>>> print(open('coords-v9.cif').read())   # mmCIF, C-alpha atoms
data_target
#
loop_
_atom_site.group_PDB
_atom_site.id
_atom_site.type_symbol
_atom_site.label_atom_id
_atom_site.label_comp_id
_atom_site.auth_asym_id
_atom_site.auth_seq_id
_atom_site.Cartn_x
_atom_site.Cartn_y
_atom_site.Cartn_z
ATOM 1 C CA MET A 58 -39.573 18.852 -13.591
ATOM 2 C CA THR A 59 -40.351 15.497 -12.005
ATOM 3 C CA LYS A 60 -38.439 14.551 -8.880
ATOM 4 C CA TRP A 61 -39.310 11.088 -7.712
ATOM 5 C CA PRO A 62 -38.030 10.356 -4.200
ATOM 6 C CA LEU A 63 -35.898 7.300 -3.544
ATOM 7 C CA VAL A 64 -36.244 5.306 -0.369
ATOM 8 C CA ASN A 65 -33.043 5.545 1.602
ATOM 9 C CA VAL A 66 -32.334 2.448 3.600
ATOM 10 C CA SER A 67 -30.538 3.554 6.732
ATOM 11 C CA LYS A 68 -27.511 1.357 7.405
ATOM 12 C CA GLU A 69 -25.014 1.722 10.178
ATOM 13 C CA ASN A 70 -21.581 2.583 8.804
ATOM 14 C CA ILE A 71 -19.498 -0.413 9.909
ATOM 15 C CA SER A 72 -15.784 -0.404 9.169
ATOM 16 C CA TRP A 73 -14.974 -3.778 10.703
ATOM 17 C CA ILE A 74 -16.469 -6.282 13.097
ATOM 18 C CA ALA A 75 -15.057 -9.090 15.199
ATOM 19 C CA LEU A 76 -16.700 -12.424 15.962
ATOM 20 C CA ASP A 77 -15.378 -14.993 18.385
ATOM 21 C CA LYS A 78 -15.973 -18.661 19.115
ATOM 22 C CA ILE A 79 -16.327 -19.540 15.427
ATOM 23 C CA PHE A 80 -13.788 -22.322 16.019
ATOM 24 C CA THR A 81 -13.016 -24.119 19.275
ATOM 25 C CA ASN A 82 -9.455 -23.969 20.668
ATOM 26 C CA GLN A 83 -8.958 -27.566 19.557
ATOM 27 C CA GLU A 84 -10.103 -26.672 16.012
ATOM 28 C CA LEU A 85 -7.786 -23.656 15.922
ATOM 29 C CA ASP A 86 -4.853 -25.872 16.900
ATOM 30 C CA GLU A 87 -5.892 -28.388 14.228
ATOM 31 C CA ILE A 88 -5.907 -25.631 11.584
ATOM 32 C CA VAL A 89 -2.317 -24.773 12.523
ATOM 33 C CA THR A 90 -1.299 -28.452 12.517
ATOM 34 C CA GLN A 91 -2.826 -29.026 9.070
ATOM 35 C CA ALA A 92 -1.583 -25.738 7.621
ATOM 36 C CA ASP A 93 1.973 -26.312 8.859
ATOM 37 C CA GLN A 94 2.063 -29.420 6.655
ATOM 38 C CA VAL A 95 1.456 -27.351 3.506
ATOM 39 C CA LYS A 96 4.524 -25.961 1.750
ATOM 40 C CA LYS A 97 5.050 -22.316 2.674
ATOM 41 C CA VAL A 98 6.563 -19.699 0.376
ATOM 42 C CA SER A 99 7.793 -16.165 0.909
ATOM 43 C CA SER A 100 5.034 -13.630 0.414
ATOM 44 C CA THR A 101 4.832 -11.421 -2.653
ATOM 45 C CA VAL A 102 2.986 -8.254 -3.624
ATOM 46 C CA GLY A 103 1.244 -7.228 -6.829
ATOM 47 C CA ARG A 104 2.045 -9.644 -9.615
ATOM 48 C CA GLY A 105 4.499 -11.767 -7.693
ATOM 49 C CA ALA A 106 7.267 -9.391 -6.634
ATOM 50 C CA VAL A 107 9.142 -10.161 -3.399
ATOM 51 C CA SER A 108 9.466 -6.936 -1.429
ATOM 52 C CA ASP A 109 10.189 -5.512 2.021
ATOM 53 C CA TYR A 110 6.680 -4.064 1.725
ATOM 54 C CA ARG A 111 5.396 -7.479 2.782
ATOM 55 C CA VAL A 112 7.514 -9.923 4.770
ATOM 56 C CA CYS A 113 5.869 -13.179 5.888
ATOM 57 C CA ASP A 114 5.492 -16.812 4.912
ATOM 58 C CA ILE A 115 2.265 -18.055 3.339
ATOM 59 C CA ALA A 116 0.633 -21.324 2.349
ATOM 60 C CA TRP A 117 -2.564 -21.779 0.339
ATOM 61 C CA LEU A 118 -5.197 -24.080 1.833
ATOM 62 C CA GLU A 119 -7.013 -25.190 -1.298
ATOM 63 C CA SER A 120 -10.452 -26.768 -1.404
ATOM 64 C CA ASP A 121 -11.971 -28.172 -4.577
ATOM 65 C CA GLU A 122 -14.816 -30.376 -5.737
ATOM 66 C CA ILE A 123 -12.997 -33.461 -4.479
ATOM 67 C CA GLU A 124 -13.124 -33.610 -0.704
ATOM 68 C CA SER A 125 -10.072 -31.966 0.850
ATOM 69 C CA ASP A 126 -8.661 -31.909 4.363
ATOM 70 C CA PHE A 127 -9.706 -28.270 4.624
ATOM 71 C CA ASP A 128 -13.400 -28.536 3.723
ATOM 72 C CA TRP A 129 -14.448 -28.380 7.392
ATOM 73 C CA ILE A 130 -12.663 -25.038 7.714
ATOM 74 C CA TYR A 131 -14.419 -23.613 4.645
ATOM 75 C CA ALA A 132 -17.808 -24.882 5.848
ATOM 76 C CA THR A 133 -17.403 -23.249 9.266
ATOM 77 C CA LEU A 134 -16.230 -19.981 7.731
ATOM 78 C CA ALA A 135 -19.074 -19.952 5.186
ATOM 79 C CA ASP A 136 -21.616 -19.851 8.019
ATOM 80 C CA ALA A 137 -19.713 -17.088 9.842
ATOM 81 C CA ILE A 138 -19.328 -15.062 6.632
ATOM 82 C CA SER A 139 -23.058 -15.282 5.949
ATOM 83 C CA GLN A 140 -23.849 -14.206 9.507
ATOM 84 C CA ALA A 141 -21.410 -11.275 9.473
ATOM 85 C CA ASN A 142 -22.508 -10.122 6.043
ATOM 86 C CA ASN A 143 -26.244 -10.385 6.715
ATOM 87 C CA GLU A 144 -26.021 -8.604 10.055
ATOM 88 C CA HIS A 145 -23.472 -5.905 9.227
ATOM 89 C CA PHE A 146 -22.373 -5.404 5.611
ATOM 90 C CA GLN A 147 -25.170 -6.651 3.328
ATOM 91 C CA PHE A 148 -22.879 -7.069 0.311
ATOM 92 C CA ASP A 149 -23.846 -9.150 -2.717
ATOM 93 C CA LEU A 150 -21.398 -12.043 -2.221
ATOM 94 C CA THR A 151 -20.950 -15.130 -4.390
ATOM 95 C CA TYR A 152 -17.903 -17.160 -3.302
ATOM 96 C CA LEU A 153 -14.985 -17.514 -0.921
ATOM 97 C CA THR A 154 -11.543 -17.732 -2.534
ATOM 98 C CA ALA A 155 -8.652 -19.955 -1.399
ATOM 99 C CA LEU A 156 -7.637 -19.424 2.214
ATOM 100 C CA GLN A 157 -4.156 -18.145 2.985
ATOM 101 C CA TYR A 158 -2.286 -19.352 6.062
ATOM 102 C CA THR A 159 0.098 -16.573 7.047
ATOM 103 C CA VAL A 160 3.016 -16.702 9.482
ATOM 104 C CA TYR A 161 4.691 -13.499 10.674
ATOM 105 C CA ASN A 162 8.034 -14.294 12.368
ATOM 106 C CA GLY A 163 9.871 -12.137 14.873
ATOM 107 C CA SER A 164 13.208 -13.400 13.537
ATOM 108 C CA ASP A 165 12.815 -11.326 10.363
ATOM 109 C CA HIS A 166 10.447 -8.637 11.713
ATOM 110 C CA SER A 167 7.659 -9.891 9.445
ATOM 111 C CA ASN A 168 5.081 -7.258 8.570
ATOM 112 C CA TYR A 169 2.719 -6.036 5.874
ATOM 113 C CA GLN A 170 2.684 -2.295 5.228
ATOM 114 C CA LYS A 171 -0.472 -0.280 4.472
ATOM 115 C CA HIS A 172 -2.503 -1.804 1.651
ATOM 116 C CA LEU A 173 -5.948 -2.588 0.279
ATOM 117 C CA ASP A 174 -7.168 -6.087 -0.587
ATOM 118 C CA VAL A 175 -9.024 -4.927 -3.692
ATOM 119 C CA GLY A 176 -7.514 -3.477 -6.847
ATOM 120 C CA GLN A 177 -6.756 -4.082 -10.497
ATOM 121 C CA GLN A 178 -5.570 -7.642 -9.867
ATOM 122 C CA PHE A 179 -8.508 -8.507 -7.550
ATOM 123 C CA PRO A 180 -11.391 -6.202 -8.558
ATOM 124 C CA ASN A 181 -14.211 -8.336 -7.142
ATOM 125 C CA ARG A 182 -13.017 -8.743 -3.582
ATOM 126 C CA LYS A 183 -15.645 -7.262 -1.313
ATOM 127 C CA LEU A 184 -15.205 -8.714 2.157
ATOM 128 C CA SER A 185 -11.879 -9.607 3.783
ATOM 129 C CA PHE A 186 -11.282 -11.448 7.029
ATOM 130 C CA SER A 187 -8.519 -12.639 9.320
ATOM 131 C CA VAL A 188 -8.772 -15.510 11.810
ATOM 132 C CA GLN A 189 -6.387 -15.132 14.759
ATOM 133 C CA LEU A 190 -4.692 -18.530 15.231
ATOM 134 C CA SER A 191 -2.048 -17.525 17.795
ATOM 135 C CA ASP A 192 -2.545 -16.580 21.393
ATOM 136 C CA ASP A 193 -1.610 -12.903 21.731
ATOM 137 C CA ALA A 194 1.006 -13.817 24.382
ATOM 138 C CA GLU A 195 2.937 -15.870 21.801
ATOM 139 C CA TYR A 196 4.296 -12.827 19.970
ATOM 140 C CA THR A 197 5.143 -9.143 20.307
ATOM 141 C CA GLY A 198 4.037 -6.606 17.691
ATOM 142 C CA GLY A 199 1.999 -7.958 14.801
ATOM 143 C CA ASP A 200 -1.072 -5.773 15.283
ATOM 144 C CA LEU A 201 -3.682 -5.789 12.527
ATOM 145 C CA ARG A 202 -4.568 -2.095 12.184
ATOM 146 C CA PHE A 203 -7.151 -0.132 10.193
ATOM 147 C CA HIS A 204 -6.351 3.339 8.884
ATOM 148 C CA TYR A 205 -8.819 6.134 8.269
ATOM 149 C CA ILE A 206 -8.640 9.893 8.040
ATOM 150 C CA LYS A 207 -8.186 9.920 11.820
ATOM 151 C CA ASN A 208 -4.606 10.243 13.057
ATOM 152 C CA GLN A 209 -4.582 7.050 15.109
ATOM 153 C CA PRO A 210 -5.227 3.661 13.490
ATOM 154 C CA GLU A 211 -7.700 1.257 15.082
ATOM 155 C CA VAL A 212 -6.182 -1.997 16.326
ATOM 156 C CA ALA A 213 -8.135 -5.217 15.804
ATOM 157 C CA PRO A 214 -8.579 -7.657 18.698
ATOM 158 C CA ARG A 215 -5.720 -10.132 19.165
ATOM 159 C CA GLU A 216 -7.465 -12.892 21.115
ATOM 160 C CA LYS A 217 -6.973 -16.385 19.731
ATOM 161 C CA GLY A 218 -9.994 -17.426 17.688
ATOM 162 C CA THR A 219 -11.223 -13.921 16.873
ATOM 163 C CA VAL A 220 -12.356 -13.469 13.273
ATOM 164 C CA VAL A 221 -12.161 -9.873 12.040
ATOM 165 C CA PHE A 222 -14.286 -9.002 8.985
ATOM 166 C CA PHE A 223 -13.825 -5.785 7.010
ATOM 167 C CA PRO A 224 -14.606 -4.354 3.562
ATOM 168 C CA SER A 225 -11.729 -5.113 1.202
ATOM 169 C CA TRP A 226 -11.219 -1.424 0.380
ATOM 170 C CA ILE A 227 -10.266 -0.486 3.969
ATOM 171 C CA VAL A 228 -6.590 0.487 4.309
ATOM 172 C CA HIS A 229 -4.898 -1.833 6.794
ATOM 173 C CA ASP A 230 -1.493 -3.136 7.821
ATOM 174 C CA VAL A 231 0.214 -5.605 10.131
ATOM 175 C CA THR A 232 2.919 -4.059 12.313
ATOM 176 C CA PRO A 233 6.321 -5.803 12.538
ATOM 177 C CA VAL A 234 6.481 -8.865 14.753
ATOM 178 C CA THR A 235 9.528 -8.434 16.992
ATOM 179 C CA GLN A 236 9.347 -11.675 19.010
ATOM 180 C CA GLY A 237 7.649 -15.030 18.523
ATOM 181 C CA ALA A 238 5.300 -15.799 15.638
ATOM 182 C CA ARG A 239 1.830 -14.592 14.696
ATOM 183 C CA ARG A 240 -0.282 -17.090 12.743
ATOM 184 C CA SER A 241 -3.493 -16.178 10.972
ATOM 185 C CA LEU A 242 -5.876 -17.518 8.373
ATOM 186 C CA VAL A 243 -6.770 -14.866 5.812
ATOM 187 C CA GLY A 244 -9.558 -14.942 3.265
ATOM 188 C CA TRP A 245 -11.490 -12.887 0.756
ATOM 189 C CA VAL A 246 -15.085 -13.124 -0.390
ATOM 190 C CA ASN A 247 -15.895 -12.041 -3.933
ATOM 191 C CA GLY A 248 -19.070 -10.777 -5.548
ATOM 192 C CA PRO A 249 -20.307 -8.937 -8.610
ATOM 193 C CA ASN A 250 -19.197 -5.364 -9.209
ATOM 194 C CA PHE A 251 -20.805 -2.735 -7.014
ATOM 195 C CA LYS A 252 -23.508 -0.794 -8.836
#
>>> encode(input="coords-v9.cif", output="structure tokens")
Amino acid sequence: MTKWPLVNVSKENISWIALDKIFTNQELDEIVTQADQVKKVSSTVGRGAVSDYRVCDIAWLESDEIESDFDWIYATLADAISQANNEHFQFDLTYLTALQYTVYNGSDHSNYQKHLDVGQQFPNRKLSFSVQLSDDAEYTGGDLRFHYIKNQPEVAPREKGTVVFFPSWIVHDVTPVTQGARRSLVGWVNGPNFK
């Protein structure tokens, strides 16, 4: 019987990574200023159901072939995505979907319970990310956490400007915000099916 060996490329098992200084403080404030001008709606889950499972306000920052006010944000993120992917994940990625501006308010204990970003509705999401737009002193609670087999979840950095990248199949949540408001810019990068 023939057994032909395959070359195993050794890759570090990376669950998530954080990059900082992608945007300047002035640019982060400009993102919030621009995003606050876009109509926000209550968040939904699945195919549009409003639920206590996810409580926050969102706005979609669209970019299309005609120049938009948000193109500079997409251009900056595209470079960071390429860097993070090439250095850590090495996924076959093709495009970045519309960015979601998310506001978690302490007044209604905004949160997002454990979930994945990939599934039947979004089967080609491969890489997810969250840009921290608020200073961590501006709110209480609101931790982005990653859940594994371990008992304790890992908490992502909260510093303003940090961009956290993670595979879209990682279970994560955002704990309830109890005071203030947590603002973030969330995005997903798609690619062909894994083989």
>>> closest_residue(input="coords-v9.cif", among="A:Tyr205, A:Ser164, A:Tyr196, A:Leu153", to="Asp121 in chain A", atoms="only C-alpha atoms")
A:Leu153
>>> closest_residue(input="coords-v9.cif", among="A:Glu195, A:Ala135, A:Leu190, A:Arg239", to="Thr219 in chain A", atoms="all atoms listed in the file")
A:Leu190
>>> closest_residue(input="coords-v9.cif", among="A:Thr133, A:Asn250, A:Ser225, A:Asn143", to="Ile88 in chain A", atoms="only C-alpha atoms")
A:Thr133
>>> resolve_selection(input="coords-v9.cif", expression="the PyMOL selection byres ((chain A and resi 184) around 7)", output="MDAnalysis selection string")
chainID A and resid 182:183 185:186 222:225 245:247
>>> closest_residue(input="coords-v9.cif", among="A:Leu85, A:Val98, A:Leu150, A:Val228", to="Asp192 in chain A", atoms="all atoms listed in the file")
A:Leu85
>>> residues_near_point(input="coords-v9.cif", point="(-1.1, -26.9, 10.1)", cutoff="12 Å", atoms="all atoms listed in the file", output="MDAnalysis selection string")
chainID A and resid 84:97 115:118 126:127 130 157:160 190 240:242
>>> closest_residue(input="coords-v9.cif", among="A:Thr81, A:Phe251, A:Tyr110, A:Val221", to="Asn142 in chain A", atoms="only C-alpha atoms")
A:Val221
>>> closest_residue(input="coords-v9.cif", among="A:Gln236, A:Ser72, A:Thr154, A:Gln170", to="Val112 in chain A", atoms="all atoms listed in the file")
A:Gln170
>>> atom_distance(input="coords-v9.cif", atom1="CA of Gly176 in chain A", atom2="CA of Asp128 in chain A")
27.8 Å
>>> resolve_selection(input="coords-v9.cif", expression="the PyMOL selection byres ((chain A and resi 197) around 9)", output="JSON, numbers by chain")
{"A": [163, 193, 194, 195, 196, 198, 199, 200, 233, 234, 235, 236, 237, 238, 239]}
>>> residues_near_point(input="coords-v9.cif", point="(-1.7, 3.8, 9.9)", cutoff="8 Å", atoms="only C-alpha atoms", output="MDAnalysis selection string")
chainID A and resid 171 202:205 208:210 229:230
>>> atom_distance(input="coords-v9.cif", atom1="CA of Tyr169 in chain A", atom2="CA of Glu211 in chain A")
15.7 Å
